[in-house]
Structures are given as C-alpha cells and as structure tokens.
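Trainee: Sending over entry-v6.cif (mmCIF, C-alpha atoms and all ligand atoms).
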```
data_coords
loop_
_atom_site.label_atom_id
_atom_site.label_comp_id
_atom_site.auth_asym_id
_atom_site.auth_seq_id
_atom_site.Cartn_x
_atom_site.Cartn_y
_atom_site.Cartn_z
CA ILE B 22 0.00 0.00 0.00
CA ALA B 23 3.06 2.27 0.23
CA ASN B 24 2.34 4.53 -2.75
CA THR B 25 -1.10 3.48 -3.90
CA PRO B 26 -3.46 6.47 -4.24
CA ILE B 27 -6.45 6.49 -1.93
CA GLN B 28 -8.89 6.38 -4.86
CA LYS B 29 -7.44 3.01 -5.82
CA LEU B 30 -7.21 1.67 -2.26
CA ALA B 31 -10.78 2.57 -1.41
CA PRO B 32 -12.88 3.44 -4.49
CA PHE B 33 -16.04 3.38 -2.33
CA LEU B 34 -14.89 6.64 -0.68
CA GLN B 35 -16.32 8.56 -3.63
CA ASN B 36 -19.81 7.71 -2.30
CA HIS B 37 -19.05 9.66 0.88
CA THR B 38 -17.46 12.92 -0.26
CA ASN B 39 -20.20 14.99 1.42
CA ARG B 40 -20.37 13.01 4.66
CA GLU B 41 -19.35 14.96 7.73
CA THR B 42 -16.02 13.81 9.22
CA PRO B 43 -14.78 12.03 11.24
CA PHE B 44 -16.19 8.63 10.28
CA LEU B 45 -14.92 5.08 9.95
CA LEU B 46 -15.68 3.51 6.61
CA ILE B 47 -15.75 -0.29 6.63
CA ASP B 48 -15.23 -2.17 3.38
CA SER B 49 -17.72 -5.01 3.81
CA ASN B 50 -16.40 -6.99 0.83
CA ARG B 51 -12.93 -6.91 2.25
CA LEU B 52 -14.26 -7.93 5.67
CA ARG B 53 -16.03 -10.94 4.16
CA ALA B 54 -12.88 -11.89 2.24
CA THR B 55 -10.75 -11.62 5.40
CA CYS B 56 -13.18 -13.85 7.29
CA GLN B 57 -12.85 -16.46 4.55
CA THR B 58 -9.04 -16.18 4.63
CA PHE B 59 -9.07 -17.00 8.36
CA LEU B 60 -11.59 -19.82 7.93
CA ARG B 61 -9.47 -21.36 5.15
CA ALA B 62 -6.20 -20.96 7.09
CA PHE B 63 -7.86 -22.59 10.12
CA SER B 64 -10.19 -25.01 8.36
CA GLY B 65 -11.20 -27.78 10.75
CA ASP B 66 -10.41 -25.49 13.71
CA GLU B 67 -12.63 -23.01 15.56
CA VAL B 68 -12.33 -19.30 14.72
CA TYR B 69 -13.77 -16.82 17.25
CA PHE B 70 -13.80 -13.08 16.51
CA SER B 71 -12.59 -11.15 19.55
CA MET B 72 -15.32 -8.53 19.36
CA LYS B 73 -13.48 -6.01 21.54
CA ALA B 74 -11.64 -5.04 18.34
CA ASN B 75 -14.82 -3.81 16.63
CA SER B 76 -18.25 -4.24 18.16
CA THR B 77 -20.36 -2.35 15.61
CA PRO B 78 -23.50 -4.46 15.08
CA ALA B 79 -23.26 -4.33 11.27
CA VAL B 80 -19.66 -5.58 11.46
CA LEU B 81 -20.61 -8.38 13.88
CA LYS B 82 -23.47 -9.38 11.59
CA ILE B 83 -21.19 -9.79 8.57
CA ILE B 84 -18.70 -11.79 10.61
CA ALA B 85 -21.48 -14.06 11.92
CA GLN B 86 -22.88 -14.54 8.41
CA GLU B 87 -19.44 -15.66 7.24
CA GLY B 88 -19.52 -18.46 9.83
CA ILE B 89 -17.21 -17.10 12.53
CA ARG B 90 -17.99 -17.45 16.26
CA PHE B 91 -17.32 -14.92 19.01
CA ASP B 92 -15.03 -14.28 21.97
CA ALA B 93 -16.58 -11.85 24.46
CA ALA B 94 -15.05 -9.81 27.28
CA SER B 95 -18.16 -8.90 29.28
CA TYR B 96 -21.82 -9.76 29.62
CA ALA B 97 -22.69 -6.56 27.73
CA GLU B 98 -20.86 -8.00 24.73
CA ILE B 99 -22.56 -11.39 25.14
CA ASP B 100 -25.97 -9.72 25.44
CA LYS B 101 -25.34 -7.79 22.24
CA LEU B 102 -24.59 -11.05 20.39
CA ILE B 103 -27.56 -12.91 21.84
CA ARG B 104 -29.90 -10.06 20.87
CA MET B 105 -28.55 -10.40 17.33
CA GLY B 106 -29.59 -14.05 17.35
CA ILE B 107 -26.12 -15.59 17.84
CA PRO B 108 -26.57 -18.87 19.76
CA ALA B 109 -24.79 -19.07 23.13
CA GLU B 110 -22.87 -22.19 21.98
CA LYS B 111 -21.02 -19.95 19.53
CA ILE B 112 -19.84 -17.57 22.26
CA ILE B 113 -16.87 -18.03 24.60
CA PHE B 114 -16.15 -15.70 27.54
CA MET B 115 -12.38 -15.38 27.51
CA ALA B 116 -11.57 -12.24 29.49
CA PRO B 117 -9.44 -13.74 32.29
CA THR B 118 -10.93 -11.34 34.86
CA LYS B 119 -14.70 -11.12 34.84
CA ILE B 120 -17.23 -9.15 36.87
CA PRO B 121 -18.98 -11.78 39.06
CA ALA B 122 -22.50 -10.81 37.93
CA ASP B 123 -21.33 -11.09 34.32
CA ILE B 124 -20.28 -14.72 34.88
CA GLU B 125 -23.69 -15.54 36.32
CA ARG B 126 -25.59 -13.80 33.52
CA ALA B 127 -23.42 -15.40 30.84
CA TYR B 128 -24.00 -18.84 32.36
CA LEU B 129 -27.75 -18.27 32.56
CA SER B 130 -27.66 -17.24 28.89
CA GLY B 131 -26.10 -20.60 28.01
CA VAL B 132 -22.43 -19.66 27.62
CA ARG B 133 -20.33 -22.60 28.82
CA VAL B 134 -16.67 -21.84 28.01
CA PHE B 135 -14.75 -19.45 30.28
CA SER B 136 -11.10 -18.61 30.88
CA PHE B 137 -9.35 -17.87 34.16
CA ASP B 138 -5.82 -17.19 35.37
CA SER B 139 -6.06 -17.08 39.16
CA ALA B 140 -7.41 -19.09 42.08
CA MET B 141 -9.93 -16.37 42.86
CA GLU B 142 -11.34 -16.35 39.32
CA LEU B 143 -11.64 -20.14 39.54
CA GLN B 144 -13.64 -19.86 42.78
CA LYS B 145 -15.94 -17.33 41.11
CA LEU B 146 -16.49 -19.67 38.17
CA ALA B 147 -17.09 -22.70 40.40
CA SER B 148 -19.85 -20.93 42.30
CA LEU B 149 -21.42 -18.85 39.50
CA ALA B 150 -20.97 -21.16 36.49
CA PRO B 151 -21.09 -24.67 38.00
CA GLY B 152 -19.84 -27.40 35.71
CA ALA B 153 -18.62 -24.95 33.05
CA ARG B 154 -15.74 -25.77 30.72
CA VAL B 155 -12.68 -23.79 31.70
CA MET B 156 -9.43 -22.85 30.00
CA CYS B 157 -6.42 -21.61 31.94
CA ARG B 158 -4.73 -18.52 30.51
CA VAL B 159 -1.02 -19.24 30.50
CA ALA B 160 1.55 -16.43 30.69
CA VAL B 161 3.65 -16.68 27.51
CA GLY B 162 6.40 -14.63 25.90
CA ASN B 163 5.16 -11.76 23.70
CA GLU B 164 8.33 -11.35 21.62
CA GLY B 165 7.50 -9.61 18.34
CA SER B 166 4.33 -7.95 19.63
CA GLU B 167 3.79 -4.22 19.21
CA TRP B 168 1.06 -4.21 21.86
CA PRO B 169 2.28 -6.73 24.46
CA LEU B 170 -0.21 -8.33 26.83
CA GLU B 171 2.36 -9.56 29.33
CA ARG B 172 2.46 -9.04 33.10
CA LYS B 173 -1.23 -8.38 33.65
CA PHE B 174 -2.43 -11.74 32.33
CA GLY B 175 -1.69 -15.41 32.67
CA ALA B 176 -0.60 -17.99 35.23
CA SER B 177 2.88 -19.53 35.22
CA ALA B 178 3.25 -23.09 33.92
CA LEU B 179 3.43 -24.52 37.44
CA GLU B 180 0.46 -22.50 38.62
CA SER B 181 -1.59 -23.39 35.51
CA ALA B 182 -1.24 -27.11 36.19
CA ALA B 183 -2.21 -26.65 39.86
CA LEU B 184 -5.17 -24.44 38.96
CA LEU B 185 -6.57 -26.88 36.41
CA THR B 186 -6.27 -29.70 38.97
CA LYS B 187 -8.17 -27.50 41.39
CA ALA B 188 -10.77 -26.71 38.70
CA ALA B 189 -11.58 -30.41 38.38
CA GLN B 190 -11.88 -30.72 42.19
CA LEU B 191 -14.32 -27.79 42.18
CA GLY B 192 -16.59 -29.56 39.68
CA LEU B 193 -15.54 -27.50 36.68
CA LYS B 194 -14.50 -29.24 33.45
CA PRO B 195 -10.91 -28.49 32.39
CA LEU B 196 -11.10 -27.88 28.64
CA GLY B 197 -7.61 -26.67 27.89
CA LEU B 198 -5.04 -23.90 27.80
CA THR B 199 -5.27 -20.47 26.29
CA PHE B 200 -2.65 -17.80 25.65
CA HIS B 201 -2.11 -14.52 23.87
CA VAL B 202 1.24 -13.72 22.24
CA GLY B 203 0.47 -9.98 22.34
CA SER B 204 -1.40 -7.93 19.78
CA GLN B 205 0.11 -7.10 16.38
CA ASN B 206 2.70 -9.85 16.75
CA ARG B 207 4.85 -10.06 13.62
CA ASN B 208 6.83 -13.08 14.82
CA PRO B 209 5.21 -16.49 14.08
CA ARG B 210 7.74 -18.19 16.37
CA ALA B 211 5.97 -16.58 19.33
CA TRP B 212 3.05 -18.96 18.76
CA ARG B 213 5.42 -21.92 18.52
CA ALA B 214 7.13 -20.98 21.80
CA ALA B 215 3.76 -20.57 23.52
CA ILE B 216 2.57 -23.99 22.35
CA GLU B 217 5.82 -25.53 23.62
CA GLN B 218 5.02 -24.07 27.04
CA CYS B 219 1.46 -25.36 26.88
CA ALA B 220 2.59 -28.87 25.90
CA GLN B 221 4.58 -29.18 29.14
CA ILE B 222 1.53 -28.28 31.23
CA TRP B 223 -0.67 -30.58 29.14
CA TYR B 224 1.47 -33.67 29.91
CA VAL B 225 1.91 -32.85 33.60
CA LEU B 226 -1.89 -32.84 33.84
CA ALA B 227 -2.22 -35.99 31.71
CA ASP B 228 0.05 -37.79 34.21
CA GLN B 229 -2.39 -36.77 36.93
CA GLY B 230 -5.31 -38.17 34.96
CA ILE B 231 -6.61 -34.82 33.67
CA GLN B 232 -7.07 -35.03 29.91
CA LEU B 233 -7.22 -31.62 28.25
CA GLU B 234 -8.89 -31.25 24.86
CA ALA B 235 -8.08 -27.86 23.39
CA ILE B 236 -5.50 -25.17 22.83
CA ASP B 237 -6.72 -21.62 22.26
CA ALA B 238 -3.94 -19.77 20.44
CA GLY B 239 -5.58 -16.40 21.06
CA GLY B 240 -5.26 -13.32 18.87
CA GLY B 241 -2.19 -11.35 17.90
CA PHE B 242 -2.53 -11.81 14.12
CA PRO B 243 -0.90 -8.72 12.61
CA SER B 244 -2.22 -6.18 10.11
CA ASN B 245 -0.65 -3.80 7.64
CA TYR B 246 0.64 -0.66 9.36
CA GLY B 247 3.36 -0.20 6.75
CA LYS B 248 5.93 -2.67 8.12
CA ASP B 249 6.50 -6.26 6.98
CA TYR B 250 4.28 -8.82 8.62
CA PRO B 251 3.52 -12.53 8.13
CA ALA B 252 0.29 -13.61 6.46
CA VAL B 253 -2.27 -15.51 8.52
CA GLU B 254 -1.51 -18.65 6.46
CA GLU B 255 2.12 -18.50 7.60
CA ILE B 256 1.17 -18.22 11.27
CA ALA B 257 -1.47 -20.95 10.86
CA ALA B 258 1.17 -23.29 9.40
CA VAL B 259 3.47 -22.68 12.40
CA ILE B 260 0.62 -23.33 14.84
CA HIS B 261 -0.52 -26.49 13.02
CA GLN B 262 3.01 -27.84 12.87
CA ALA B 263 3.57 -27.18 16.59
CA LEU B 264 0.30 -28.91 17.50
CA ALA B 265 1.11 -31.92 15.30
CA GLN B 266 4.60 -32.25 16.79
CA LEU B 267 3.90 -31.47 20.44
CA LEU B 268 0.35 -32.44 21.32
CA PRO B 269 -1.78 -35.57 20.91
CA PRO B 270 -3.64 -36.14 17.63
CA GLY B 271 -7.18 -34.77 17.76
CA THR B 272 -6.26 -31.77 19.94
CA ARG B 273 -8.87 -29.08 19.24
CA LEU B 274 -7.51 -25.72 18.09
CA MET B 275 -9.28 -22.45 18.77
CA VAL B 276 -8.11 -18.98 17.67
CA GLU B 277 -9.44 -15.54 18.63
CA PRO B 278 -8.38 -12.96 16.06
CA GLY B 279 -9.47 -9.40 16.74
CA ARG B 280 -7.27 -6.92 14.89
CA GLY B 281 -6.36 -9.40 12.13
CA LEU B 282 -9.99 -9.76 11.03
CA VAL B 283 -11.06 -6.12 10.97
CA ALA B 284 -8.16 -3.63 11.01
CA GLU B 285 -7.47 -3.48 7.28
CA CYS B 286 -11.18 -3.22 6.43
CA GLY B 287 -11.43 0.26 7.96
CA VAL B 288 -10.50 3.76 6.75
CA LEU B 289 -10.90 6.58 9.26
CA VAL B 290 -11.82 9.72 7.35
CA THR B 291 -10.89 12.96 9.06
CA SER B 292 -10.47 16.63 8.03
CA VAL B 293 -7.87 19.31 8.69
CA ILE B 294 -9.38 21.90 11.05
CA ASN B 295 -6.31 23.94 11.99
CA ARG B 296 -2.61 24.39 11.17
CA ALA B 297 0.10 26.26 13.06
CA HIS B 298 3.88 26.72 13.20
CA ARG B 299 5.18 26.21 16.75
CA ALA B 300 8.80 26.04 17.97
CA GLY B 301 10.11 25.07 14.55
CA GLN B 302 7.46 22.40 13.93
CA GLU B 303 4.43 22.42 11.70
CA TRP B 304 1.28 21.28 13.56
CA LEU B 305 -1.73 19.88 11.74
CA TYR B 306 -5.00 19.54 13.68
CA VAL B 307 -7.67 17.11 12.49
CA ASP B 308 -11.18 16.33 13.75
CA ALA B 309 -10.28 12.81 14.98
CA SER B 310 -8.51 12.38 18.29
CA ALA B 311 -6.37 10.06 20.32
CA TYR B 312 -9.20 10.12 22.86
CA HIS B 313 -11.81 9.33 20.22
CA GLY B 314 -10.72 6.15 18.56
CA LEU B 315 -7.01 6.67 17.97
CA VAL B 316 -5.88 5.57 21.42
CA GLU B 317 -3.29 3.20 19.92
CA ALA B 318 -1.53 6.26 18.47
CA MET B 319 -0.64 7.27 22.03
CA GLN B 320 1.22 3.94 22.38
CA GLY B 321 3.22 4.58 19.21
CA PHE B 322 1.05 2.90 16.57
CA THR B 323 1.37 4.69 13.22
CA PHE B 324 -1.42 4.44 10.67
CA PRO B 325 -0.69 4.70 6.94
CA ILE B 326 -2.15 8.04 5.81
CA ARG B 327 -3.45 9.11 2.39
CA THR B 328 -4.74 12.48 1.18
CA GLU B 329 -6.12 13.89 -2.10
CA LYS B 330 -2.86 15.84 -2.49
CA ASP B 331 -0.46 12.90 -2.30
CA LEU B 332 1.43 13.96 -5.44
CA ALA B 333 2.47 17.31 -3.85
CA PRO B 334 5.93 17.72 -2.18
CA ARG B 335 6.01 16.54 1.44
CA ALA B 336 6.90 18.24 4.73
CA PRO B 337 7.13 16.91 8.30
CA PHE B 338 4.12 17.54 10.54
CA VAL B 339 3.00 16.83 14.06
CA LEU B 340 -0.48 15.40 13.49
CA CYS B 341 -2.86 15.89 16.38
CA GLY B 342 -6.47 15.85 17.48
CA PRO B 343 -8.62 18.82 18.49
CA THR B 344 -9.02 18.05 22.20
CA CYS B 345 -7.62 20.42 24.84
CA ASP B 346 -4.97 17.95 25.93
CA SER B 347 -1.36 18.03 24.80
CA THR B 348 -1.13 14.21 24.81
CA ASP B 349 -3.68 14.11 21.99
CA VAL B 350 -1.01 13.58 19.33
CA ILE B 351 -1.75 11.08 16.56
CA GLN B 352 1.72 10.99 15.00
CA GLU B 353 4.97 12.91 15.37
CA ASN B 354 7.18 13.77 12.44
CA VAL B 355 4.87 12.42 9.75
CA LEU B 356 5.60 13.34 6.12
CA LEU B 357 2.45 14.76 4.55
CA PRO B 358 1.75 17.01 1.53
CA ALA B 359 3.13 20.45 2.44
CA THR B 360 0.08 22.21 0.97
CA LEU B 361 -2.51 20.59 3.28
CA GLY B 362 -4.99 23.17 4.51
CA LEU B 363 -8.38 23.75 6.06
CA GLY B 364 -10.96 21.16 5.02
CA ASP B 365 -8.55 18.76 3.32
CA ARG B 366 -9.34 15.16 4.15
CA LEU B 367 -6.87 12.71 5.68
CA TYR B 368 -7.57 9.00 5.25
CA LEU B 369 -6.11 6.87 8.02
CA LEU B 370 -5.77 3.30 6.82
CA THR B 371 -5.83 0.10 8.91
CA THR B 372 -8.21 1.69 11.40
CA GLY B 373 -10.94 -0.98 11.55
CA ALA B 374 -9.68 -2.38 14.90
CA TYR B 375 -9.54 -0.82 18.37
CA THR B 376 -10.84 2.55 17.14
CA THR B 377 -14.62 2.92 17.40
CA SER B 378 -14.74 0.04 19.91
CA MET B 379 -12.86 2.17 22.44
CA GLU B 380 -16.09 4.09 23.12
CA HIS B 381 -17.31 1.45 25.56
CA TYR B 382 -14.25 -0.78 25.42
CA ASN B 383 -14.98 -4.46 26.20
CA GLY B 384 -18.63 -3.43 26.56
CA PHE B 385 -18.03 -1.59 29.84
CA GLN B 386 -19.89 1.65 30.50
CA PHE B 387 -18.36 4.71 32.13
CA PRO B 388 -19.27 5.02 35.82
CA SER B 389 -22.51 6.88 36.31
CA THR B 390 -22.50 10.04 38.42
CA VAL B 391 -24.53 10.19 41.58
CA ILE B 392 -25.12 13.63 43.08
CA GLU B 393 -25.92 13.69 46.79
N1 LIG J 401 -8.50 -12.73 22.93
C1 LIG J 401 -8.34 -12.07 24.09
C2 LIG J 401 -8.65 -12.79 25.36
C3 LIG J 401 -7.87 -10.75 24.10
O1 LIG J 401 -7.72 -10.09 25.26
C4 LIG J 401 -7.61 -10.11 22.85
C5 LIG J 401 -7.13 -8.73 22.81
O2 LIG J 401 -6.95 -8.03 23.79
C6 LIG J 401 -7.84 -10.83 21.67
C7 LIG J 401 -8.27 -12.14 21.74
C8 LIG J 401 -7.64 -10.22 20.31
O3 LIG J 401 -6.34 -9.88 20.08
P1 LIG J 401 -5.86 -9.30 18.68
O4 LIG J 401 -6.67 -8.11 18.40
O5 LIG J 401 -4.43 -9.03 18.89
O6 LIG J 401 -6.08 -10.38 17.66
#
```
Go ahead and render the structure in this file as structure tokens.
Mentor:
Amino acid sequence: IANTPIQKLAPFLQNHTNRETPFLLIDSNRLRATCQTFLRAFSGDEVYFSMKANSTPAVLKIIAQEGIRFDAASYAEIDKLIRMGIPAEKIIFMAPTKIPADIERAYLSGVRVFSFDSAMELQKLASLAPGARVMCRVAVGNEGSEWPLERKFGASALESAALLTKAAQLGLKPLGLTFHVGSQNRNPRAWRAAIEQCAQIWYVLADQGIQLEAIDAGGGFPSNYGKDYPAVEEIAAVIHQALAQLLPPGTRLMVEPGRGLVAECGVLVTSVINRAHRAGQEWLYVDASAYHGLVEAMQGFTFPIRTEKDLAPRAPFVLCGPTCDSTDVIQENVLLPATLGLGDRLYLLTTGAYTTSMEHYNGFQFPSTVIE
C-alpha cells in the first residue's frame, strides 16, 4: 500500500465525499474476504472473533454470516450477540478477569466456556458457572508484539497445572489452555514458543489423569501498518506444525483474532481543522482524536495516511487531534503534503480495529455520576 493512491485503495470513498467527518468507513467486501481467509487458514479449527476489536452491530453481523464465532469480554458483549440471534454455543467468555454478575448472567444465557488465570477467578467460576468448561490462561512470551499483553495476564506453567487440577476438584470441566502472544505480533515463532510451554503443562496434567482437549492460540494476528508482517496462512502453518509435533492427535484448536480480522477493512476519514507553526514544527490539527478512537496512536502505533494531495511535495508535521490535551497527538514527524490546509481530508488506513470500539471498550460503561 506504500504509494497506492487512496482512490485506488478505497474506491467506495467517492460515495461519501459529502459526509461529515470524522467517520470510519468499513469495506464489507474486504471484511467478508478476510473472514474467509481465516476460515481457510484454520479449516477444521474453531475461529472466534474477539469482538473487543470492533463491536459495531453491522460488522458483527457480517462476521457471523461468514460463519465465525465470538469471543466476548463482558456480559454486555454477550448480550449484544444474543440479541442479534447468535446462539450461546457460539460464544466463549475469555476475558481472564470477569465481573462476578457477568459470569452468572453469561452462564444463565447458556455460555459454557470461560477462561481464568487465578485461584480467585476459579472460585468465582465454580460458584457462578457450575460445571462450566474452563481454560487456563497461560503467561507466555510476547516477543514480536507491538502491543504486548504480558504481566497483567496469565498464570505460570506450574500454577496453571495446579489451577486446572483445582478446577476439576471444584466440579468444573478443564477444557484446555489459552494464551495470547500480544497484539500485532509479527513473529510467528511466538506462537510456537507458547505452544511448547502449553505442551509441558498438558502432559503434567495428563500424568495426573486430567485429559485436556483444546489449545486456544488467542489473537495477535498482525495487520498492515506499513511494516513487513507474516500472512495468517504462515502463522497458521506454524501453529498447526507445533500442534502436530507437540500435542496428541485430535487436539482441538481455537483462535481468537481481533485486529487481524477487521483492522485493514477500515479507513478513518478525518479533516484538517487547523494548522500552526510552533517552535520550529508544523502542527496539523484534524477532527479525529487520540481520545476518540485513535488511542493506539498514544502507544506509538502509526497508521498509513493518504490524502487527495499525495502527489504534492512533502513536509514533516505533528499530526494531532482537536481536544484540549497536549497528549492528543496522533503521530509525530509524519511526512504529509506540504500544501494541506483547512478542510482537506486525511484518510487513516488500517483503522478498523480498536478505534470505534474504544467508546465502551470491552462493553463496559463509564461510571454513572450520583449527586448527593
Ligand atoms: N483474545 C483475548 C482474550 C484478548 O484479550 C484479545 C485482545 O486483547 C484478543 C483475543 C484479540 O487480540 P488481537 O486483536 O491481537 O487479535
């Protein structure tokens, strides 16, 4: 996509020249094609869309129609799916830390697969989702990830084995092991290393008479932000080879792509609303913000950007949002057409994931205000 003009990348944009910015345009054909790419790469396995990446109902509907199931992070997400007619058997509740009432409501709705990574979460599941199928989230290396999910999540190998033994004693049904190699992981070997870790736990438990059934290889599938990245087929081949070499035949494989399914289907359309020269730098203000969908920009993610003036000579800009906060910077030192001015549109590519879904991320609402 390095030098392809926006008109070629997204011809459907011409239908929206008068639409007020900012808006996220989703290419539904591309979304359907990406779903099929994942289903082909993981044929015979179970593909769950991690809906925290994009929870717009129309997006979820397309993904469901293509035959993909769902990974939810809260009861609000589960409720949204059930109201759309998605059967509970197609939903797994894989946030390792869940609000107790959410576990109960999910269980009453028919959801039966849950993850956990601590003794306390296991106790919660045993009392609020009796007999449910549980997967232990294992802490694995996140090497190669641009949005690591280390530290906060996952039990050590030793702890995972002990917790799954405990799960069985509590009347829960140990289903398997789950992990996440970190989001936007461009290193397929990370999945291999994680499966090696899981295999050790698997056989320790087998020796104790606990037969696991499944490995959930999580998300992490990378998208195009302008750097090289492996295709989903390449990562799938590494995962399949690791399973064949390290785990018993018939081991079920689950995957939970979020970003990889939706990121490249989205173009965030935004307009220039101000420009200023400050301390030797040229600042360009647009009507999209790091607080309104571009939160990953604050962690250093850079989105490929196109404009209608891409043939003009370039100059370095600090690109920022309109909010009254100096951390609302979308990208430092970005080369853009020098002539950009009021009203010119900027098209931010690869913005279909973790943008609009940040509004009520994971389905959680902001705290309400009570005035006494
Ligand atoms: N599964 C779980 C449990 C997650 O927490 C996440 C992301 O946070 C995902 C899947 C999706 O990850 P990604 O968007 O990197 O594919």
Trainee: Check which residues fall inside 8 Å of ligand LIG 401 (chain J) when counting all atoms listed in the file, and print them as an NGL selection string.
Mentor: :B and (70-74 or 92 or 94 or 115-117 or 168 or 170 or 200-201 or 203-206 or 239-243 or 276-282 or 374-375)
Trainee: Measuring atom to atom with only C-alpha atoms, identify which of B:Glu217, B:Glu317, B:Asp228, B:Asp349 is nearest to Leu264 of chain B.
Mentor: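 Answer, going by the shortest atom-to-atom distance: B:Glu217.
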Trainee: What does the structure give for the distance between atom CA of Leu196 of chain B and atom CA of Arg154 of chain B, in Å to one decimal?
Mentor: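 We find that atom CA of Leu196 of chain B and atom CA of Arg154 of chain B lie 5.5 Å from each other.
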Trainee: List every protein, DNA or RNA residue that has at least one atom no more than 12 Å from (-25.4, -17.5, 36.3) in the file's coordinates, counting only C-alpha atoms, and write the result as number ranges by chain.
Mentor: B: 96, 120-133, 145-153
Trainee: So, counting only C-alpha atoms, which residue among B:Tyr224, B:Tyr382, B:Val339, B:Gly197 is closest to Ala93 of chain B?
Mentor: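 Using only C-alpha atoms, Ala93 of chain B sits closest to B:Tyr382.
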Trainee: In Å, rounded to a single decimal, give me how far atom CA of Leu367 of chain B is from atom CA of Thr328 of chain B.
Mentor: 5.0 Å
Trainee: Kindly indicate which residue among B:Ala311, B:Leu45, B:Val225, B:Ala238 lies nearest to Arg213 of chain B, using all atoms listed in the file for the distances.
Mentor: B:Ala238
Trainee: For each of B:Ala85, B:Val202, B:Leu226, B:Val288, take the minimum atom-to-atom distance to Ile103 of chain B, counting all atoms listed in the file, then give the residue where this is smallest.
Mentor: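 For Ile103 of chain B, the nearest of the candidates is B:Ala85.
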Trainee: For Met275 of chain B, which residue out of B:Ala31, B:Ile113, B:Ile99, B:Ala182 is the nearest one, using all atoms listed in the file?
Mentor: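 Closest candidate: B:Ile113.
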Trainee: Name the residues in contact with Trp304 of chain B at a cut-off of 6 Å, using only C-alpha atoms, excluding same-chain residues fewer than 5 positions from it; report them as a PDB file with C-alpha atoms, in the coordinates of the input.
Mentor:
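That gives us out_36.pdb:
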```pdb
ATOM      1  CA  ARG B 296      -2.610  24.390  11.170  1.00  0.00           C
ATOM      2  CA  ALA B 297       0.100  26.260  13.060  1.00  0.00           C
ATOM      3  CA  PHE B 338       4.120  17.540  10.540  1.00  0.00           C
ATOM      4  CA  VAL B 339       3.000  16.830  14.060  1.00  0.00           C
TER       5      VAL B 339
END
```
Trainee: Grab the atom CA of Ala160 of chain B to atom CA of Arg210 of chain B distance for me, in Å with one decimal place.
Mentor: 15.7 Å
Trainee: List the spatial neighbours of segment 353-357 of chain B as a short mmCIF file (atom, residue, chain, number, x, y, z; two decimals) with C-alpha atoms, in the frame of the given file - criterion: any atom at most 9 Å away, all atoms listed in the file, same-chain residues fewer than 5 positions off excluded.
Mentor:
```cif
data_model
loop_
_atom_site.label_atom_id
_atom_site.label_comp_id
_atom_site.auth_asym_id
_atom_site.auth_seq_id
_atom_site.Cartn_x
_atom_site.Cartn_y
_atom_site.Cartn_z
CA GLN B 302 7.46 22.40 13.93
CA ILE B 326 -2.15 8.04 5.81
CA ARG B 327 -3.45 9.11 2.39
CA THR B 328 -4.74 12.48 1.18
CA LYS B 330 -2.86 15.84 -2.49
CA ASP B 331 -0.46 12.90 -2.30
CA ALA B 333 2.47 17.31 -3.85
CA PRO B 334 5.93 17.72 -2.18
CA ARG B 335 6.01 16.54 1.44
CA ALA B 336 6.90 18.24 4.73
CA PRO B 337 7.13 16.91 8.30
CA PHE B 338 4.12 17.54 10.54
CA VAL B 339 3.00 16.83 14.06
CA LEU B 340 -0.48 15.40 13.49
CA CYS B 341 -2.86 15.89 16.38
#
```
Trainee: Out of B:Gln190, B:Met105, B:Asn245, B:Lys111, which residue has the shortest atom-to-atom distance to Phe91 of chain B when counting only C-alpha atoms?
Mentor: B:Lys111
Trainee: What's around Ala215 of chain B at 12 Å? Count only C-alpha atoms, leave out sequence neighbours fewer than 5 positions away in its own chain, and write the answer as a ChimeraX atom specification.
Mentor: /B:158-164,175,177-178,198-203,208-210,220-222,236-239,259-260,263-264,267
Trainee: Need the neighbours of (-6.1, -0.1, 7.8): which residues are at most 8 Å away, counting all atoms listed in the file, as a PDB file with C-alpha atoms, in the coordinates of the input?
Mentor:
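Output file result-v1.pdb follows:
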```
ATOM      1  CA  SER B 244      -2.220  -6.180  10.110  1.00  0.00           C
ATOM      2  CA  ASN B 245      -0.650  -3.800   7.640  1.00  0.00           C
ATOM      3  CA  TYR B 246       0.640  -0.660   9.360  1.00  0.00           C
ATOM      4  CA  ALA B 284      -8.160  -3.630  11.010  1.00  0.00           C
ATOM      5  CA  GLU B 285      -7.470  -3.480   7.280  1.00  0.00           C
ATOM      6  CA  CYS B 286     -11.180  -3.220   6.430  1.00  0.00           C
ATOM      7  CA  GLY B 287     -11.430   0.260   7.960  1.00  0.00           C
ATOM      8  CA  VAL B 288     -10.500   3.760   6.750  1.00  0.00           C
ATOM      9  CA  PHE B 324      -1.420   4.440  10.670  1.00  0.00           C
ATOM     10  CA  PRO B 325      -0.690   4.700   6.940  1.00  0.00           C
ATOM     11  CA  LEU B 369      -6.110   6.870   8.020  1.00  0.00           C
ATOM     12  CA  LEU B 370      -5.770   3.300   6.820  1.00  0.00           C
ATOM     13  CA  THR B 371      -5.830   0.100   8.910  1.00  0.00           C
ATOM     14  CA  THR B 372      -8.210   1.690  11.400  1.00  0.00           C
ATOM     15  CA  GLY B 373     -10.940  -0.980  11.550  1.00  0.00           C
TER      16      GLY B 373
END
```
Trainee: Neighbours of Ala97 of chain B within 7 Å (only C-alpha atoms; same-chain residues fewer than 3 positions away dropped), as a list in words?
Mentor: Asp100, Lys101 and Gly384 of chain B
Trainee: Which residues are near Thr323 of chain B? Cut-off 8 Å, only C-alpha atoms, ignore same chain within fewer than 5 positions. Put them as a count of residues only.
Mentor: 4
Trainee: Any chance you could work out the axis-aligned box around segment 274-287 of chain B, listed atoms only, 5 Å on each side, giving centre and edge lengths in Å to one decimal, as JSON?
Mentor:
```
{"center_x": -8.9, "center_y": -12.7, "center_z": 12.6, "size_x": 15.1, "size_y": 36.0, "size_z": 22.3}
```
